[in-house]
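Q: entry-v8.csv is the file, holding CSV, C-alpha atoms:
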chain,number,residue,atom,x,y,z
A,1,MET,CA,31.5,1.9,-8.4
A,2,ALA,CA,32.7,1.7,-12.0
A,3,VAL,CA,31.4,3.9,-14.9
A,4,ASP,CA,31.8,2.6,-18.5
A,5,ASP,CA,32.1,4.8,-21.5
A,6,GLY,CA,29.5,2.8,-23.4
A,7,GLY,CA,32.0,2.2,-26.2
A,8,ASP,CA,32.0,5.7,-27.6
A,9,GLY,CA,35.5,6.4,-26.3
A,10,ARG,CA,34.6,9.8,-24.8
A,11,SER,CA,35.2,8.7,-21.2
A,12,GLY,CA,37.0,5.9,-19.5
A,13,GLU,CA,36.1,3.5,-16.7
A,14,TYR,CA,36.1,5.3,-13.3
A,15,LYS,CA,36.2,3.5,-10.0
A,16,THR,CA,35.3,5.5,-7.0
A,17,PRO,CA,38.2,5.5,-4.5
A,18,GLU,CA,37.4,3.8,-1.2
A,19,ASP,CA,38.2,7.0,0.7
A,20,GLU,CA,35.3,8.7,-1.1
A,21,VAL,CA,32.7,6.1,0.0
A,22,THR,CA,30.9,6.1,3.4
A,23,ALA,CA,30.1,2.6,4.5
A,24,LEU,CA,27.1,2.3,6.8
A,25,VAL,CA,28.0,-0.7,9.0
A,26,GLY,CA,25.8,-2.3,11.6
A,27,HIS,CA,23.3,-4.7,10.1
A,28,THR,CA,24.1,-8.4,10.7
A,29,SER,CA,22.2,-9.9,7.8
A,30,GLU,CA,21.1,-9.0,4.3
A,31,VAL,CA,20.0,-5.4,3.7
A,32,PHE,CA,16.8,-5.5,1.5
A,33,ILE,CA,15.8,-1.9,1.2
A,34,CYS,CA,16.7,1.7,1.9
A,35,ALA,CA,15.1,5.1,1.5
A,36,TRP,CA,16.1,8.7,2.0
A,37,SER,CA,14.0,11.0,4.2
A,38,PRO,CA,12.3,13.6,2.0
A,39,VAL,CA,13.5,16.4,4.3
A,40,GLY,CA,17.1,15.7,5.2
A,41,LEU,CA,20.2,13.6,5.2
A,42,GLN,CA,18.6,10.7,7.0
A,43,LEU,CA,18.6,7.2,5.5
A,44,ALA,CA,16.4,4.3,6.6
A,45,SER,CA,17.5,0.7,5.9
A,46,GLY,CA,15.7,-2.6,6.4
A,47,SER,CA,17.4,-6.0,6.9
A,48,GLY,CA,17.0,-9.6,7.6
A,49,ASP,CA,18.5,-9.1,11.1
A,50,ALA,CA,15.0,-8.0,12.4
A,51,THR,CA,15.8,-4.4,12.4
A,52,ALA,CA,15.4,-1.2,10.5
A,53,ARG,CA,18.0,1.5,11.1
A,54,LEU,CA,18.1,5.3,10.8
A,55,TRP,CA,21.4,6.8,9.7
A,56,SER,CA,21.8,10.5,10.1
A,57,LEU,CA,24.6,11.5,7.7
A,58,PRO,CA,26.7,14.6,8.2
A,59,SER,CA,26.6,17.2,5.4
A,60,GLY,CA,29.5,17.5,3.0
A,61,PRO,CA,31.3,15.0,0.8
A,62,SER,CA,31.2,11.3,1.5
A,63,GLY,CA,34.3,9.7,2.8
A,64,LYS,CA,35.7,6.7,4.5
A,65,SER,CA,36.4,8.7,7.7
A,66,ARG,CA,32.7,9.8,8.0
A,67,GLN,CA,31.0,7.4,10.4
A,68,CYS,CA,27.6,7.6,12.0
A,69,ALA,CA,26.0,5.4,14.6
A,70,PRO,CA,22.4,4.3,13.6
A,71,VAL,CA,19.3,4.4,15.6
A,72,VAL,CA,18.1,0.7,15.7
A,73,LEU,CA,14.4,0.0,15.2
A,74,PRO,CA,13.8,-3.6,16.5
A,75,HIS,CA,11.1,-5.8,15.0
A,76,LEU,CA,11.3,-8.9,17.1
A,77,VAL,CA,9.0,-9.5,20.0
A,78,GLY,CA,10.9,-9.1,23.2
A,79,GLY,CA,12.0,-5.5,23.2
A,80,SER,CA,15.0,-3.5,22.1
A,81,GLU,CA,17.5,-6.2,23.0
A,82,ALA,CA,15.9,-9.2,21.3
A,83,TRP,CA,17.4,-8.5,17.9
A,84,ARG,CA,20.9,-8.9,19.3
A,85,ASP,CA,20.3,-12.6,19.8
A,86,VAL,CA,19.4,-13.2,16.2
A,87,SER,CA,21.9,-15.2,14.2
A,88,LYS,CA,21.6,-16.8,10.8
A,89,GLU,CA,21.7,-20.3,12.2
A,90,ALA,CA,19.4,-19.8,15.1
A,91,SER,CA,16.7,-17.7,13.4
A,92,LYS,CA,15.9,-19.4,10.1
A,93,ASP,CA,12.4,-20.0,11.3
A,94,VAL,CA,11.9,-16.6,12.8
A,95,SER,CA,9.6,-14.2,10.9
A,96,LYS,CA,12.0,-11.3,11.2
A,97,ASP,CA,12.9,-9.7,7.9
A,98,VAL,CA,12.1,-6.0,7.4
A,99,THR,CA,11.0,-6.3,3.8
A,100,THR,CA,9.7,-2.8,2.9
A,101,LEU,CA,9.7,0.8,4.3
A,102,ASP,CA,8.4,4.2,3.2
A,103,TRP,CA,8.7,7.8,4.6
A,104,LYS,CA,5.7,10.0,5.1
A,105,HIS,CA,5.9,13.0,2.7
A,106,ASP,CA,7.0,15.4,5.4
A,107,GLY,CA,9.7,13.1,6.9
A,108,SER,CA,8.0,13.0,10.3
A,109,LEU,CA,7.1,9.3,10.2
A,110,LEU,CA,8.6,6.1,8.8
A,111,ALA,CA,6.5,3.0,8.1
A,112,THR,CA,8.0,-0.5,7.9
A,113,GLY,CA,6.6,-3.8,6.8
A,114,SER,CA,7.9,-7.1,8.1
A,115,TYR,CA,7.8,-10.8,7.5
A,116,ASP,CA,5.8,-11.1,10.7
A,117,GLY,CA,2.8,-9.5,8.9
A,118,GLN,CA,2.8,-6.3,11.0
A,119,ALA,CA,3.2,-2.8,9.8
A,120,ARG,CA,4.9,-0.4,12.2
A,121,VAL,CA,5.1,3.4,12.3
A,122,TRP,CA,8.1,5.1,13.8
A,123,SER,CA,9.0,8.7,14.5
A,124,ALA,CA,11.9,10.3,12.7
A,125,SER,CA,13.9,9.8,16.0
A,126,GLY,CA,13.1,6.1,16.1
A,127,GLN,CA,10.2,5.8,18.6
A,128,LEU,CA,7.6,3.2,17.8
A,129,THR,CA,4.2,5.1,17.5
A,130,GLN,CA,1.9,2.5,16.0
A,131,THR,CA,1.8,-1.3,15.4
A,132,LEU,CA,-0.8,-2.2,12.7
A,133,SER,CA,-1.9,-5.8,12.8
A,134,ARG,CA,-4.4,-7.4,10.4
A,135,HIS,CA,-2.4,-9.2,7.7
A,136,LYS,CA,-2.0,-13.0,8.0
A,137,GLY,CA,1.3,-13.1,6.1
A,138,PRO,CA,4.4,-11.2,5.3
A,139,ILE,CA,4.1,-7.6,4.1
A,140,PHE,CA,6.0,-7.0,0.8
A,141,SER,CA,5.0,-3.4,0.1
A,142,LEU,CA,3.6,-0.4,1.8
A,143,LYS,CA,3.1,3.2,0.8
A,144,TRP,CA,1.9,6.5,2.4
A,145,ASN,CA,-0.6,8.5,0.4
A,146,ARG,CA,0.2,12.1,-0.3
A,147,THR,CA,-1.7,13.6,2.6
A,148,GLY,CA,-0.2,11.2,5.1
A,149,GLN,CA,-3.6,10.1,6.4
A,150,PHE,CA,-3.6,6.6,4.9
A,151,LEU,CA,-1.0,3.9,4.7
A,152,LEU,CA,-1.4,1.2,2.0
A,153,SER,CA,0.1,-2.3,2.5
A,154,GLY,CA,0.2,-5.5,0.4
A,155,SER,CA,0.8,-8.9,1.8
A,156,VAL,CA,1.4,-12.6,1.0
A,157,ASP,CA,-2.1,-13.2,2.5
A,158,LYS,CA,-3.4,-12.0,-1.0
A,159,THR,CA,-4.9,-8.8,0.3
A,160,ALA,CA,-4.2,-5.1,0.4
A,161,ILE,CA,-5.2,-2.9,3.3
A,162,VAL,CA,-5.7,0.8,3.7
A,163,TRP,CA,-4.9,1.9,7.2
A,164,ASP,CA,-6.1,5.1,8.9
A,165,VAL,CA,-2.8,5.7,10.7
A,166,GLY,CA,-4.1,8.4,13.1
A,167,ALA,CA,-6.8,6.1,14.3
A,168,GLY,CA,-4.7,3.0,14.2
A,169,GLU,CA,-7.5,1.2,12.4
A,170,VAL,CA,-8.1,-0.6,9.1
A,171,ARG,CA,-10.1,1.7,6.8
A,172,GLN,CA,-10.7,-1.1,4.2
A,173,GLN,CA,-9.3,-4.4,3.2
A,174,PHE,CA,-9.3,-5.5,-0.4
A,175,SER,CA,-9.3,-9.3,-1.2
A,176,PHE,CA,-9.4,-9.6,-5.0
A,177,HIS,CA,-6.1,-11.4,-5.7
A,178,THR,CA,-5.8,-15.2,-5.7
A,179,GLU,CA,-2.1,-15.3,-4.9
A,180,PRO,CA,0.3,-13.1,-2.8
A,181,THR,CA,0.2,-9.4,-3.3
A,182,LEU,CA,3.7,-8.2,-4.3
A,183,ASP,CA,3.4,-4.4,-4.8
A,184,VAL,CA,0.9,-1.6,-4.2
A,185,ASP,CA,1.0,2.1,-5.4
A,186,TRP,CA,-1.3,5.0,-4.8
A,187,ARG,CA,-3.0,6.6,-7.9
A,188,ASP,CA,-4.2,9.6,-5.8
A,189,ASP,CA,-5.2,10.0,-2.1
A,190,THR,CA,-8.1,7.5,-2.2
A,191,SER,CA,-7.4,5.0,-5.1
A,192,PHE,CA,-4.5,2.7,-5.9
A,193,ALA,CA,-3.3,-0.3,-7.8
A,194,SER,CA,-2.0,-3.7,-6.6
A,195,CYS,CA,-0.2,-6.5,-8.4
A,196,SER,CA,0.4,-10.2,-7.6
A,197,THR,CA,1.9,-13.5,-8.5
A,198,ASP,CA,-1.5,-14.3,-10.0
A,199,ARG,CA,-0.5,-12.1,-13.0
A,200,VAL,CA,-3.3,-9.6,-12.4
A,201,ILE,CA,-3.4,-5.9,-11.6
A,202,PHE,CA,-6.4,-4.4,-9.8
A,203,VAL,CA,-7.2,-0.8,-9.5
A,204,CYS,CA,-9.3,-0.1,-6.4
A,205,ALA,CA,-10.8,2.8,-4.5
A,206,LEU,CA,-11.7,3.5,-0.9
A,207,GLY,CA,-15.4,3.0,-0.3
A,208,GLU,CA,-15.9,0.7,-3.3
A,209,GLU,CA,-16.7,-2.9,-2.7
A,210,ARG,CA,-15.6,-4.0,-6.2
A,211,TYR,CA,-12.4,-3.2,-8.0
A,212,LEU,CA,-12.5,-0.3,-10.6
A,213,LYS,CA,-10.4,-2.1,-13.2
A,214,ARG,CA,-8.9,-5.6,-13.7
A,215,LEU,CA,-5.8,-5.5,-15.9
A,216,GLU,CA,-4.5,-8.7,-17.5
A,217,GLY,CA,-1.8,-9.3,-20.0
A,218,HIS,CA,1.4,-10.4,-18.3
A,219,GLU,CA,2.3,-14.1,-18.7
A,220,ASP,CA,4.0,-14.5,-15.3
A,221,GLU,CA,3.9,-12.9,-11.9
A,222,VAL,CA,3.8,-9.1,-11.7
A,223,ASN,CA,6.6,-7.9,-9.5
A,224,ALA,CA,6.1,-4.1,-9.3
A,225,ILE,CA,3.8,-1.3,-10.4
A,226,LYS,CA,4.1,2.5,-10.6
A,227,TRP,CA,1.7,5.3,-11.5
A,228,ASP,CA,3.0,8.2,-13.5
A,229,PRO,CA,2.6,11.6,-11.7
A,230,SER,CA,-0.7,12.4,-13.4
A,231,GLY,CA,-2.3,9.1,-12.4
A,232,THR,CA,-3.3,8.3,-16.0
A,233,LEU,CA,-0.6,5.8,-16.8
A,234,LEU,CA,0.4,2.7,-14.9
A,235,ALA,CA,3.7,0.9,-15.5
A,236,SER,CA,4.2,-2.8,-14.5
A,237,CYS,CA,7.1,-5.2,-14.7
A,238,SER,CA,6.9,-9.0,-14.6
A,239,ASP,CA,8.8,-12.3,-14.6
A,240,ASP,CA,7.7,-12.7,-18.2
A,241,HIS,CA,10.6,-10.5,-19.1
A,242,THR,CA,8.5,-7.5,-20.0
A,243,ALA,CA,7.4,-4.1,-18.7
A,244,LYS,CA,4.1,-2.7,-19.8
Take the structure I supplied and represent it as structure tokens, if you would.
A:
Amino acid sequence: MAVDDGGDGRSGEYKTPEDEVTALVGHTSEVFICAWSPVGLQLASGSGDATARLWSLPSGPSGKSRQCAPVVLPHLVGGSEAWRDVSKEASKDVSKDVTTLDWKHDGSLLATGSYDGQARVWSASGQLTQTLSRHKGPIFSLKWNRTGQFLLSGSVDKTAIVWDVGAGEVRQQFSFHTEPTLDVDWRDDTSFASCSTDRVIFVCALGEERYLKRLEGHEDEVNAIKWDPSGTLLASCSDDHTAK
């Protein structure tokens, strides 16, 4: 890691020495996403090798000598050993990428979304507790609501789904987009926004058959959205080179 002084001359470039960096080694393909547990030094990572991994880091400064063995969360059909047979050459047509993940607010559960269209819920120790199947395409985004009752997912199948995780059921599916859904974000515990390659953002609510708002203005696909903490402002970023 290098830090530039920005041209003001007050500080020089700094490169972090290798012996101050802890490398988490184990994935065998690209790592797409990572997220810290909200309650401890536990990091979840998701990869194209058909696994998510849970890394429990020791307290204290990072360093090259600090190593930790991950708990492997396999996403291929065939059990805990199936992922070991995945290679870049042999698995190009296998729907295996772990594309998104999110921790429940209390750190007790981790949700993962995969290219196989399934959302999975895992305990903090790595046990699979739920498999949520309804999407007909890869899941690109999923988010817990603040109470932890509902999980929201967005998929290439052009829909967003609110899942009742405790019941393991779909609470409601929203089919307003005309192209893949790229991101979703809760506004509060029962309403949310979704965005898509169709350049449109929808604001929706549980129990409502129609969307609350349709937001247009981007000139290319909308990649990500985020509500401010009050739920009154929504930010979006797009391939049109703008954020709004």
Q: Find the residue from A:Cys237, A:Leu24, A:Ala52, A:Cys34 that sits nearest to A:Ala69; use all atoms listed in the file when measuring.
A: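 Using all atoms listed in the file, the shortest distance to A:Ala69 belongs to A:Leu24.
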Q: Counting all atoms listed in the file, what is within 10 Å of stretch 199-215 of chain A, bar same-chain residues fewer than 2 positions away, as an MDAnalysis selection string?
A: chainID A and resid 160 162 171:179 181 183:197 217:225 234 236 238:240
Q: Can I get the selected residues back with C-alpha atoms, as a compact mmCIF listing (two decimals), in the coordinates of the input?
A:
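What follows is the written file out_6.txt:
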# COMPACT_ATOMS: atom_id res chain seq x y z
CA ALA A 160 -4.20 -5.10 0.40
CA VAL A 162 -5.70 0.80 3.70
CA ARG A 171 -10.10 1.70 6.80
CA GLN A 172 -10.70 -1.10 4.20
CA GLN A 173 -9.30 -4.40 3.20
CA PHE A 174 -9.30 -5.50 -0.40
CA SER A 175 -9.30 -9.30 -1.20
CA PHE A 176 -9.40 -9.60 -5.00
CA HIS A 177 -6.10 -11.40 -5.70
CA THR A 178 -5.80 -15.20 -5.70
CA GLU A 179 -2.10 -15.30 -4.90
CA THR A 181 0.20 -9.40 -3.30
CA ASP A 183 3.40 -4.40 -4.80
CA VAL A 184 0.90 -1.60 -4.20
CA ASP A 185 1.00 2.10 -5.40
CA TRP A 186 -1.30 5.00 -4.80
CA ARG A 187 -3.00 6.60 -7.90
CA ASP A 188 -4.20 9.60 -5.80
CA ASP A 189 -5.20 10.00 -2.10
CA THR A 190 -8.10 7.50 -2.20
CA SER A 191 -7.40 5.00 -5.10
CA PHE A 192 -4.50 2.70 -5.90
CA ALA A 193 -3.30 -0.30 -7.80
CA SER A 194 -2.00 -3.70 -6.60
CA CYS A 195 -0.20 -6.50 -8.40
CA SER A 196 0.40 -10.20 -7.60
CA THR A 197 1.90 -13.50 -8.50
CA GLY A 217 -1.80 -9.30 -20.00
CA HIS A 218 1.40 -10.40 -18.30
CA GLU A 219 2.30 -14.10 -18.70
CA ASP A 220 4.00 -14.50 -15.30
CA GLU A 221 3.90 -12.90 -11.90
CA VAL A 222 3.80 -9.10 -11.70
CA ASN A 223 6.60 -7.90 -9.50
CA ALA A 224 6.10 -4.10 -9.30
CA ILE A 225 3.80 -1.30 -10.40
CA LEU A 234 0.40 2.70 -14.90
CA SER A 236 4.20 -2.80 -14.50
CA SER A 238 6.90 -9.00 -14.60
CA ASP A 239 8.80 -12.30 -14.60
CA ASP A 240 7.70 -12.70 -18.20
Q: Have a look at atom CA of A:Ile139 and atom CA of A:Leu182 and let me know their distance in Å, one decimal.
A: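 Pair atom CA of A:Ile139 / atom CA of A:Leu182 returns 8.4 Å.
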Q: Mind pulling up the distance from atom CA of A:Pro138 to atom CA of A:Pro229?
A: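 Taking atom CA of A:Pro229 and atom CA of A:Pro138, their separation equals 28.5 Å.
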Q: Given all atoms listed in the file as the basis, pick out the residue of A:Leu152, A:Leu132, A:Leu57, A:Val21 nearest to A:Lys104.
A: A:Leu152
Q: Would you mind listing what lies within 12 Å of A:Leu41 as an MDAnalysis selection string, with only C-alpha atoms counted and same-chain residues fewer than 6 positions away left out?
A: chainID A and resid 35 54:60 62 68 107 124
Q: Atom CA of A:Tyr115 and atom CA of A:Lys96, how far apart in Å?
A: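 Result for atom CA of A:Lys96 versus atom CA of A:Tyr115: 5.6 Å, one decimal.
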Q: From the list A:Leu151, A:Val170, A:Ile161, A:Val71, which residue is nearest A:Leu109 when using only C-alpha atoms?
A: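 Of all the options, A:Leu151 lies closest to A:Leu109.
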Q: Using all atoms listed in the file, which residue out of A:Lys226, A:Gly126, A:Thr16, A:Thr22 lies closest to A:Arg53?
A: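 The closest residue to A:Arg53 is A:Gly126.
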Q: Name the residues within 6 Å of (6.7, -4.4, 2.4), counting all atoms listed in the file in the file's coordinates, and put them as a compact mmCIF listing (two decimals) with C-alpha atoms, in the frame of the given file.
A:
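The resulting selection_23.txt:
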# COMPACT_ATOMS: atom_id res chain seq x y z
CA THR A 99 11.00 -6.30 3.80
CA THR A 100 9.70 -2.80 2.90
CA GLY A 113 6.60 -3.80 6.80
CA ILE A 139 4.10 -7.60 4.10
CA PHE A 140 6.00 -7.00 0.80
CA SER A 141 5.00 -3.40 0.10
CA LEU A 142 3.60 -0.40 1.80
Q: Find the residue from A:Leu43, A:Ala50, A:Leu128, A:Ala111 that sits nearest to A:Asn145; use all atoms listed in the file when measuring.
A: A:Ala111
Q: Looking at A:Gly168, A:Gly26, A:Pro38, A:Gly154, which one is nearest to A:Lys136, with distances taken over all atoms listed in the file?
A: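 Looking only at the distances to A:Lys136, the closest residue turns out to be A:Gly154.
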